[in-house]
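Working notes, structure below.
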Amino acid sequence: MFIVDADPVQRRIAAAHAGSLEGLAGPALGLASGDEAIGAVGEGSRAVVLADLETLGGIEALAAFKSQPIRVIATSARGSINTAVAAIKAGAVDYLPKPYGAAALLERLEAAITQWDQATAAATPAPAAAAAPFEGFVGRSAAMRAVFEQIERIAPSRAPVFITGESGTGKELCAEALHARSGRGGKPFVAINCGAIPKDLMESEIFGHTRGAFTGATETRAGAAELADGGTLFLDEIGEMDLGLQAKLLRFLQSGTVQRVGDATVRRVDVRIVSATNRDPFTEIAAGRFREDLFYRLHVLPIHMPPLRERGDDVLLLAGAFLDRYAAEEGRDFRGFAPDAAACLAGHIWPGNVRELQNAIRRTVVLNQGGEVTAAMLPATLRSGGASLRPETRAETRIEDPAAMRAASGGIMPFWEQERSIIESAVGAFAGNIARAAAALEISPSTIYRKRQAWQERRTS
């Protein structure tokens, strides 16, 4: 990585932030001028360049890097939306206004690295076996091939893995694939949902307890950490964990030992930790709900699961796989999707991701007799062309059917839904490249990141 900035303090700060990120080869190199940058970045080299536009010599100077396989993230203290759009059109993959914090910088760097993986996957012809399931996954889009490649690359490591992604994108399936592809595949895989267990019982669930340690502890029991000894411990929805227990988890990660509740004995265990969350961890840290030291202990090897709306034709592949599975389970004779049904599936934005698609296909199979699936057989939320409506919205209007709600308002979608549809369509058109989607929409990439966070909070509120 190269940091081009005339300010030596800014170079040191950016290098320190970037040093915590996996996926960058070697330490960041600071450069004080555009000429130094052009000379330092070798022809054909793969690198990330964080370039201050004033130091680099203006937007026109970005042309020097356009023909090389590098990712330039432009920065400026005097920028605007017009500057950001011009920088993207000139060849930068992203734009980061100054001053920026560690969270914003790491987010942009991770996105640049992911784009490398996706570009490599897209440029490599998919072998015939690519259409076959990968450790339970169904998909052959560039976004998922990049995920498969990441899993294969990092599975043998002992280092912790931190999986992010919206609800329903397959984070637990990713954790299981990591376990299966590691040298621990024959050992236990133990999953704990940190959001589903009361905080008073969570410590006992993870570390175990002795008989009589608390009311209801009628027998001594090993916790998940001991049960996973030699294998993998998956902590799903880690962001839901109580702060007090986060401190104990950090101590466990540092020492590799567990102590059951009510017991003085310390036991050493060998487990690989894989954690996951559908929240933005940096937002949780800033809000004081997640310990920063624990995050950096867990966030060693990151994997981001792409939402279904960014996976292109995988929607129909998944729908077909679910149709075959549930038709066999329910004894129905379904034979694929009619063109109108396929159009509904492909056009839906899937706020619930793969889980929403799975439920929709199962409902279709159970409520219909068979044959070719038509649009009329699909749930009303898919036929209406909009996203699933929140329960509180239905309660406020006293209209239970979302299609009826649309009809009652003249078929007009709320502004935020229309805005989301426009933005997500642009992101999908550029294969998940947020920077280029922003340039096409003539908005700042930070606007897309901010609005996505707002939509996520709307869904989880």
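Going by the structure tokens order, chains are called A, B, ..., each with residues numbered from 1, while ligands are numbered from 1 in the order shown.
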
message: Can you pull out the residues contacting A:Leu253? Cut-off 12 Å, using only C-alpha atoms, and skip same-chain residues under 3 positions away; I want them as a ChimeraX atom specification.
response: /A:159-160,225,233,246-250,256-258,268-274,293-298

query: Among stretch 135-228 of chain A, which residues carry a DSSP assignment of strand (DSSP E or B), reported as a list of chain:residue names?
result: A:Phe137, A:Val161, A:Phe162, A:Ile163, A:Thr164, A:Phe189, A:Val190, A:Ala191, A:Ile192, A:Asn193, A:Gly208, A:His209, A:Arg221, A:Ala222

query: Can you list, as a ChimeraX atom specification, every residue of stretch 343-393 of chain A that DSSP puts in helix (DSSP H, G or I)?
result: /A:343-347,353-367,375-377,380-383,391-393

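For the set A:Ala32, A:Cys194, A:Cys174, A:Val261, the residue with the smallest atom-to-atom gap to A:Asp242 is A:Cys194, counting only C-alpha atoms.
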
Contacts between stretch 102-108 of chain A and stretch 196-283 of chain A, please, where a residue of stretch 196-283 of chain A counts if it comes within 12 Å (with only C-alpha atoms); show its shortest atom pair and distance in Å to one decimal, rows by chain and ascending number, as a tab-separated table.
residue	atom	partner	partner_atom	distance
A:Asp280	CA	A:Ala103	CA	10.1
A:Pro281	CA	A:Ala103	CA	9.2
A:Phe282	CA	A:Ala103	CA	6.1
A:Thr283	CA	A:Ala103	CA	8.7

statement: Correct to one decimal, the distance atom CA of A:Gly139-atom CA of A:Asn278 is 20.9 Å
